[in-house]
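Note: the block below is final_34.pdb and it holds PDB, C-alpha atoms.
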ATOM      1  CA  MET A  21      12.168 -66.975  24.366
ATOM      2  CA  GLU A  22      13.595 -63.514  23.777
ATOM      3  CA  SER A  23      12.667 -61.787  20.516
ATOM      4  CA  THR A  24      15.325 -60.544  18.121
ATOM      5  CA  ARG A  25      14.384 -56.935  18.828
ATOM      6  CA  GLU A  26      14.724 -57.430  22.607
ATOM      7  CA  SER A  27      18.127 -59.065  22.197
ATOM      8  CA  THR A  28      19.407 -56.399  19.787
ATOM      9  CA  PRO A  29      21.545 -53.921  21.773
ATOM     10  CA  LEU A  30      20.306 -50.369  22.075
ATOM     11  CA  ARG A  31      22.233 -47.810  20.051
ATOM     12  CA  VAL A  32      23.077 -44.960  22.451
ATOM     13  CA  ALA A  33      24.462 -41.649  21.209
ATOM     14  CA  VAL A  34      26.729 -40.141  23.891
ATOM     15  CA  ILE A  35      26.839 -36.386  23.268
ATOM     16  CA  THR A  36      29.635 -34.204  24.663
ATOM     17  CA  ALA A  37      28.050 -30.771  24.963
ATOM     18  CA  SER A  38      30.927 -28.402  25.664
ATOM     19  CA  THR A  39      32.996 -27.062  22.772
ATOM     20  CA  ARG A  40      35.125 -24.549  24.696
ATOM     21  CA  GLU A  41      38.889 -24.573  24.549
ATOM     22  CA  GLY A  42      40.332 -26.432  27.552
ATOM     23  CA  ARG A  43      36.992 -28.126  28.272
ATOM     24  CA  PHE A  44      36.677 -30.925  30.806
ATOM     25  CA  GLY A  45      33.838 -32.714  28.993
ATOM     26  CA  PRO A  46      35.952 -35.227  27.067
ATOM     27  CA  THR A  47      37.378 -36.553  30.364
ATOM     28  CA  VAL A  48      33.884 -37.141  31.766
ATOM     29  CA  ALA A  49      32.676 -38.572  28.438
ATOM     30  CA  ARG A  50      35.571 -41.055  28.235
ATOM     31  CA  TRP A  51      34.876 -42.293  31.761
ATOM     32  CA  PHE A  52      31.156 -42.623  31.077
ATOM     33  CA  ALA A  53      31.765 -44.444  27.792
ATOM     34  CA  GLU A  54      33.964 -46.941  29.663
ATOM     35  CA  GLN A  55      31.109 -47.603  32.088
ATOM     36  CA  ALA A  56      28.499 -48.024  29.370
ATOM     37  CA  ALA A  57      30.782 -50.163  27.190
ATOM     38  CA  GLN A  58      30.853 -52.838  29.912
ATOM     39  CA  ARG A  59      27.213 -53.639  29.135
ATOM     40  CA  ASP A  60      26.269 -56.012  26.358
ATOM     41  CA  ASP A  61      22.814 -54.441  25.943
ATOM     42  CA  LEU A  62      24.233 -51.130  24.649
ATOM     43  CA  VAL A  63      26.232 -50.033  21.611
ATOM     44  CA  LEU A  64      27.714 -46.541  21.820
ATOM     45  CA  ASP A  65      28.175 -43.807  19.253
ATOM     46  CA  LEU A  66      30.272 -40.921  20.586
ATOM     47  CA  VAL A  67      29.137 -37.498  19.368
ATOM     48  CA  ASP A  68      31.528 -34.610  19.971
ATOM     49  CA  PHE A  69      30.561 -31.715  17.778
ATOM     50  CA  ALA A  70      33.540 -29.535  18.710
ATOM     51  CA  ASP A  71      35.034 -30.241  15.266
ATOM     52  CA  ALA A  72      31.698 -30.051  13.401
ATOM     53  CA  PRO A  73      29.502 -27.643  15.375
ATOM     54  CA  PRO A  74      25.864 -27.062  14.503
ATOM     55  CA  PRO A  75      25.028 -23.998  12.409
ATOM     56  CA  SER A  76      25.396 -20.786  14.404
ATOM     57  CA  ARG A  77      21.937 -19.721  13.184
ATOM     58  CA  LEU A  78      18.998 -21.863  12.223
ATOM     59  CA  GLY A  79      18.487 -22.020   8.480
ATOM     60  CA  THR A  80      22.159 -21.514   7.632
ATOM     61  CA  PRO A  81      24.246 -24.302   6.076
ATOM     62  CA  ALA A  82      25.834 -26.769   8.479
ATOM     63  CA  PRO A  83      29.624 -27.167   8.556
ATOM     64  CA  ASP A  84      31.299 -30.182   6.939
ATOM     65  CA  GLY A  85      30.848 -33.299   9.024
ATOM     66  CA  PHE A  86      27.605 -32.206  10.646
ATOM     67  CA  ASP A  87      25.520 -34.489   8.401
ATOM     68  CA  GLU A  88      27.252 -37.476  10.015
ATOM     69  CA  ILE A  89      26.134 -36.246  13.447
ATOM     70  CA  THR A  90      22.556 -36.009  12.171
ATOM     71  CA  ARG A  91      22.708 -39.587  10.861
ATOM     72  CA  THR A  92      24.033 -40.765  14.237
ATOM     73  CA  LEU A  93      21.170 -39.056  16.080
ATOM     74  CA  GLN A  94      18.621 -40.551  13.666
ATOM     75  CA  ALA A  95      19.978 -44.067  14.206
ATOM     76  CA  ALA A  96      20.074 -43.763  18.010
ATOM     77  CA  ASP A  97      17.577 -45.580  20.214
ATOM     78  CA  ALA A  98      18.602 -43.475  23.223
ATOM     79  CA  PHE A  99      20.862 -40.589  24.209
ATOM     80  CA  THR A 100      23.183 -39.610  27.032
ATOM     81  CA  VAL A 101      24.113 -35.937  27.199
ATOM     82  CA  ILE A 102      27.390 -35.079  28.936
ATOM     83  CA  THR A 103      26.883 -31.442  29.911
ATOM     84  CA  CYS A 104      28.606 -28.752  31.861
ATOM     85  CA  GLU A 105      26.913 -25.706  33.335
ATOM     86  CA  TYR A 106      27.422 -22.210  31.919
ATOM     87  CA  ASN A 107      25.736 -19.365  33.776
ATOM     88  CA  HIS A 108      23.333 -21.731  35.591
ATOM     89  CA  SER A 109      22.263 -23.427  32.355
ATOM     90  CA  PHE A 110      23.532 -25.575  29.497
ATOM     91  CA  PRO A 111      25.873 -24.485  26.668
ATOM     92  CA  GLY A 112      24.400 -22.560  23.741
ATOM     93  CA  THR A 113      26.104 -24.897  21.292
ATOM     94  CA  LEU A 114      24.106 -27.774  22.784
ATOM     95  CA  LYS A 115      20.878 -25.808  22.302
ATOM     96  CA  ASN A 116      21.855 -25.279  18.654
ATOM     97  CA  LEU A 117      22.443 -29.028  18.242
ATOM     98  CA  ILE A 118      19.062 -29.806  19.790
ATOM     99  CA  ASP A 119      17.240 -27.141  17.772
ATOM    100  CA  THR A 120      18.720 -28.182  14.430
ATOM    101  CA  HIS A 121      17.027 -31.567  14.914
ATOM    102  CA  TYR A 122      13.463 -32.473  15.716
ATOM    103  CA  TYR A 123      12.295 -35.951  14.771
ATOM    104  CA  GLU A 124      15.593 -37.478  15.884
ATOM    105  CA  TRP A 125      14.647 -36.998  19.580
ATOM    106  CA  ARG A 126      11.005 -38.037  19.467
ATOM    107  CA  ALA A 127       9.817 -40.920  21.662
ATOM    108  CA  LYS A 128      13.374 -41.737  22.740
ATOM    109  CA  PRO A 129      14.957 -41.630  26.224
ATOM    110  CA  VAL A 130      17.603 -39.118  27.277
ATOM    111  CA  ALA A 131      19.972 -39.528  30.244
ATOM    112  CA  PHE A 132      22.311 -36.890  31.669
ATOM    113  CA  VAL A 133      25.834 -36.829  33.058
ATOM    114  CA  SER A 134      26.601 -33.352  34.343
ATOM    115  CA  TYR A 135      29.531 -31.537  35.862
ATOM    116  CA  GLY A 136      30.218 -28.045  37.128
ATOM    117  CA  GLY A 137      30.796 -25.989  40.242
ATOM    118  CA  VAL A 138      28.878 -26.473  43.468
ATOM    119  CA  SER A 139      25.720 -27.667  41.684
ATOM    120  CA  GLY A 140      27.522 -30.341  39.691
ATOM    121  CA  GLY A 141      25.783 -29.108  36.546
ATOM    122  CA  LEU A 142      22.336 -30.103  37.822
ATOM    123  CA  ARG A 143      20.839 -26.698  36.946
ATOM    124  CA  SER A 144      21.849 -27.388  33.368
ATOM    125  CA  VAL A 145      20.072 -30.750  33.517
ATOM    126  CA  GLU A 146      16.863 -29.246  34.914
ATOM    127  CA  HIS A 147      16.748 -26.736  32.046
ATOM    128  CA  LEU A 148      17.331 -29.501  29.520
ATOM    129  CA  ARG A 149      14.403 -31.535  30.844
ATOM    130  CA  GLY A 150      11.929 -28.908  29.632
ATOM    131  CA  VAL A 151      13.614 -28.616  26.247
ATOM    132  CA  PHE A 152      13.538 -32.375  25.650
ATOM    133  CA  ALA A 153       9.935 -32.639  26.868
ATOM    134  CA  GLU A 154       8.948 -30.193  24.120
ATOM    135  CA  LEU A 155      10.624 -32.528  21.622
ATOM    136  CA  HIS A 156       8.629 -35.533  22.925
ATOM    137  CA  ALA A 157      11.681 -37.181  24.473
ATOM    138  CA  VAL A 158      11.615 -38.934  27.858
ATOM    139  CA  THR A 159      14.291 -37.863  30.340
ATOM    140  CA  MET A 160      15.654 -40.209  32.980
ATOM    141  CA  ARG A 161      14.949 -39.354  36.588
ATOM    142  CA  ASP A 162      18.405 -40.348  37.856
ATOM    143  CA  THR A 163      21.533 -38.558  36.712
ATOM    144  CA  VAL A 164      25.262 -38.751  37.298
ATOM    145  CA  SER A 165      26.768 -35.462  38.441
ATOM    146  CA  PHE A 166      30.194 -34.252  39.481
ATOM    147  CA  HIS A 167      30.662 -31.013  41.402
ATOM    148  CA  ALA A 168      34.117 -29.498  40.945
ATOM    149  CA  PRO A 169      35.132 -32.376  38.631
ATOM    150  CA  TRP A 170      38.724 -31.185  38.438
ATOM    151  CA  ASN A 171      38.909 -32.362  42.098
ATOM    152  CA  TRP A 172      36.930 -35.570  41.450
ATOM    153  CA  PHE A 173      39.049 -37.007  38.660
ATOM    154  CA  GLY A 174      42.602 -38.210  39.031
ATOM    155  CA  GLU A 175      45.394 -37.901  36.494
ATOM    156  CA  ASP A 176      44.289 -41.246  35.051
ATOM    157  CA  GLY A 177      40.964 -39.672  33.966
ATOM    158  CA  ARG A 178      38.926 -41.699  36.466
ATOM    159  CA  PRO A 179      36.924 -40.506  39.471
ATOM    160  CA  VAL A 180      38.655 -40.663  42.834
ATOM    161  CA  ASP A 181      35.462 -42.129  44.340
ATOM    162  CA  ALA A 182      35.129 -44.718  41.610
ATOM    163  CA  GLU A 183      32.670 -46.917  43.528
ATOM    164  CA  GLY A 184      30.100 -44.160  44.082
ATOM    165  CA  ALA A 185      30.374 -42.820  40.546
ATOM    166  CA  GLU A 186      30.117 -46.292  39.013
ATOM    167  CA  ALA A 187      27.036 -47.113  41.115
ATOM    168  CA  ALA A 188      25.353 -43.880  39.966
ATOM    169  CA  ALA A 189      26.192 -44.652  36.335
ATOM    170  CA  LYS A 190      24.866 -48.212  36.625
ATOM    171  CA  GLY A 191      21.548 -47.046  38.095
ATOM    172  CA  MET A 192      21.085 -44.441  35.405
ATOM    173  CA  LEU A 193      22.048 -46.856  32.615
ATOM    174  CA  ASP A 194      19.576 -49.421  33.958
ATOM    175  CA  GLN A 195      16.819 -46.807  33.617
ATOM    176  CA  LEU A 196      17.999 -45.762  30.163
ATOM    177  CA  ALA A 197      18.056 -49.389  28.981
ATOM    178  CA  TRP A 198      14.547 -50.071  30.287
ATOM    179  CA  TRP A 199      13.086 -46.975  28.640
ATOM    180  CA  GLY A 200      15.149 -47.501  25.512
ATOM    181  CA  HIS A 201      13.787 -51.014  24.972
ATOM    182  CA  ALA A 202      10.227 -50.034  25.895
ATOM    183  CA  LEU A 203      10.163 -47.050  23.552
ATOM    184  CA  ARG A 204      11.925 -48.847  20.708
ATOM    185  CA  ASP A 205       9.360 -51.653  20.908
ATOM    186  CA  ALA A 206       6.512 -49.125  21.059
ATOM    187  CA  ARG A 207       7.799 -47.211  18.022
ATOM    188  CA  ALA A 208       8.084 -50.483  16.083
ATOM    189  CA  ALA A 209       4.562 -51.563  17.015
ATOM    190  CA  ARG A 210       2.962 -48.174  16.510
ATOM    191  CA  PRO A 211       4.988 -45.344  14.907
ATOM    192  CA  TYR A 212       4.925 -42.241  17.066
ATOM    193  CA  GLY A 213       2.914 -39.398  15.552
ATOM    194  CA  GLY A 214       2.494 -37.022  18.504
TER     195      GLY A 214
END
Translate this file's structure into structure tokens.
Amino acid sequence: MESTRESTPLRVAVITASTREGRFGPTVARWFAEQAAQRDDLVLDLVDFADAPPPSRLGTPAPDGFDEITRTLQAADAFTVITCEYNHSFPGTLKNLIDTHYYEWRAKPVAFVSYGGVSGGLRSVEHLRGVFAELHAVTMRDTVSFHAPWNWFGEDGRPVDAEGAEAAAKGMLDQLAWWGHALRDARAARPYGG
């Protein structure tokens, strides 16, 4: 018989990293949220800090609304970061969001959906792996990536190759769910102190 904890859906914070004007991130995030919302083992919280960005410098007061983002990250069992690639790495605003939090990431899994030019944002993902490792988070091996996403997505906001993209998302979400349950159970049995 399944325990209550195992049957309780994982709370996944889906973070849209880009805050630039004219950004493509919300299109990718909407599609991904549709994929994840089809699962009954996940509950999503969408985090788009374009309207409430993290402090521009550590130690300075956060803008209005940023406390709500912090509470969402604290409550999350797992994360999915939707990231673009700027200059072969991830956006500085995302680094600020990560750096203004610490305990929120610990002993929790992080998945990535990336987009960009020819690399599909994968260089951004590889840089993020090291950052999250320092924060004691576990990153998923599989990712979803879109190179030249403006060519991949139709006017309806969905990928042209829906079958391939959906299969990649399912595989990654399966990994995230496994790690999310395993780490949530481990934190409940023995609080993480590393």
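Between CA of Tyr122 (chain A) and CA of Leu155 (chain A) the separation is 6.6 Å.
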- Message: My list of candidates is A:Asp119, A:Glu154, A:Asp181, A:Asp97. Which is closest to Arg204 (chain A) when distances are computed with only C-alpha atoms?
- Response: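 Comparing A:Asp119, A:Glu154, A:Asp181, A:Asp97 against Arg204 (chain A), the winner is A:Asp97.
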- Tell me which protein, DNA and RNA residues are within 9 Å of Val32 (chain A), counting all atoms listed in the file, leaving out same-chain ones fewer than 2 positions away, and put them as a list in words. Leu30, Val34, Leu62, Val63, Leu64, Asp65, Leu66, Leu93, Ala95, Ala96, Asp97, Ala98, Phe99, Thr100 and Gly200 of chain A
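As for CA of Ser144 (chain A) and CA of Phe110 (chain A), they are spaced 4.6 Å apart.
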Please evaluate the PyMOL selection byres ((chain A and resi 165-173) around 10) against the displayed coordinates and give the resulting residues as a PDB file with C-alpha atoms, in the coordinates of the input.
ATOM      1  CA  PHE A  44      36.677 -30.925  30.806  1.00  0.00           C
ATOM      2  CA  GLY A  45      33.838 -32.714  28.993  1.00  0.00           C
ATOM      3  CA  THR A  47      37.378 -36.553  30.364  1.00  0.00           C
ATOM      4  CA  VAL A  48      33.884 -37.141  31.766  1.00  0.00           C
ATOM      5  CA  TRP A  51      34.876 -42.293  31.761  1.00  0.00           C
ATOM      6  CA  ILE A 102      27.390 -35.079  28.936  1.00  0.00           C
ATOM      7  CA  THR A 103      26.883 -31.442  29.911  1.00  0.00           C
ATOM      8  CA  CYS A 104      28.606 -28.752  31.861  1.00  0.00           C
ATOM      9  CA  PHE A 132      22.311 -36.890  31.669  1.00  0.00           C
ATOM     10  CA  VAL A 133      25.834 -36.829  33.058  1.00  0.00           C
ATOM     11  CA  SER A 134      26.601 -33.352  34.343  1.00  0.00           C
ATOM     12  CA  TYR A 135      29.531 -31.537  35.862  1.00  0.00           C
ATOM     13  CA  GLY A 136      30.218 -28.045  37.128  1.00  0.00           C
ATOM     14  CA  GLY A 137      30.796 -25.989  40.242  1.00  0.00           C
ATOM     15  CA  VAL A 138      28.878 -26.473  43.468  1.00  0.00           C
ATOM     16  CA  SER A 139      25.720 -27.667  41.684  1.00  0.00           C
ATOM     17  CA  GLY A 140      27.522 -30.341  39.691  1.00  0.00           C
ATOM     18  CA  GLY A 141      25.783 -29.108  36.546  1.00  0.00           C
ATOM     19  CA  LEU A 142      22.336 -30.103  37.822  1.00  0.00           C
ATOM     20  CA  VAL A 145      20.072 -30.750  33.517  1.00  0.00           C
ATOM     21  CA  ASP A 162      18.405 -40.348  37.856  1.00  0.00           C
ATOM     22  CA  THR A 163      21.533 -38.558  36.712  1.00  0.00           C
ATOM     23  CA  VAL A 164      25.262 -38.751  37.298  1.00  0.00           C
ATOM     24  CA  GLY A 174      42.602 -38.210  39.031  1.00  0.00           C
ATOM     25  CA  GLU A 175      45.394 -37.901  36.494  1.00  0.00           C
ATOM     26  CA  ASP A 176      44.289 -41.246  35.051  1.00  0.00           C
ATOM     27  CA  GLY A 177      40.964 -39.672  33.966  1.00  0.00           C
ATOM     28  CA  ARG A 178      38.926 -41.699  36.466  1.00  0.00           C
ATOM     29  CA  PRO A 179      36.924 -40.506  39.471  1.00  0.00           C
ATOM     30  CA  VAL A 180      38.655 -40.663  42.834  1.00  0.00           C
ATOM     31  CA  ASP A 181      35.462 -42.129  44.340  1.00  0.00           C
ATOM     32  CA  ALA A 182      35.129 -44.718  41.610  1.00  0.00           C
ATOM     33  CA  ALA A 185      30.374 -42.820  40.546  1.00  0.00           C
ATOM     34  CA  ALA A 188      25.353 -43.880  39.966  1.00  0.00           C
ATOM     35  CA  ALA A 189      26.192 -44.652  36.335  1.00  0.00           C
TER      36      ALA A 189
END
- Between A:Glu54, A:Asp84, A:Asp60, A:Glu105, which is the closest to Ala37 (chain A) once you count all atoms listed in the file?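 Using all atoms listed in the file, Ala37 (chain A) sits closest to A:Glu105.
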- Which residue, A:Gln55, A:Thr92, A:Asn107, A:Thr113, has the smallest gap to Thr39 (chain A) when you use all atoms listed in the file?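 Checking each candidate against Thr39 (chain A), we get A:Thr113 as the closest.
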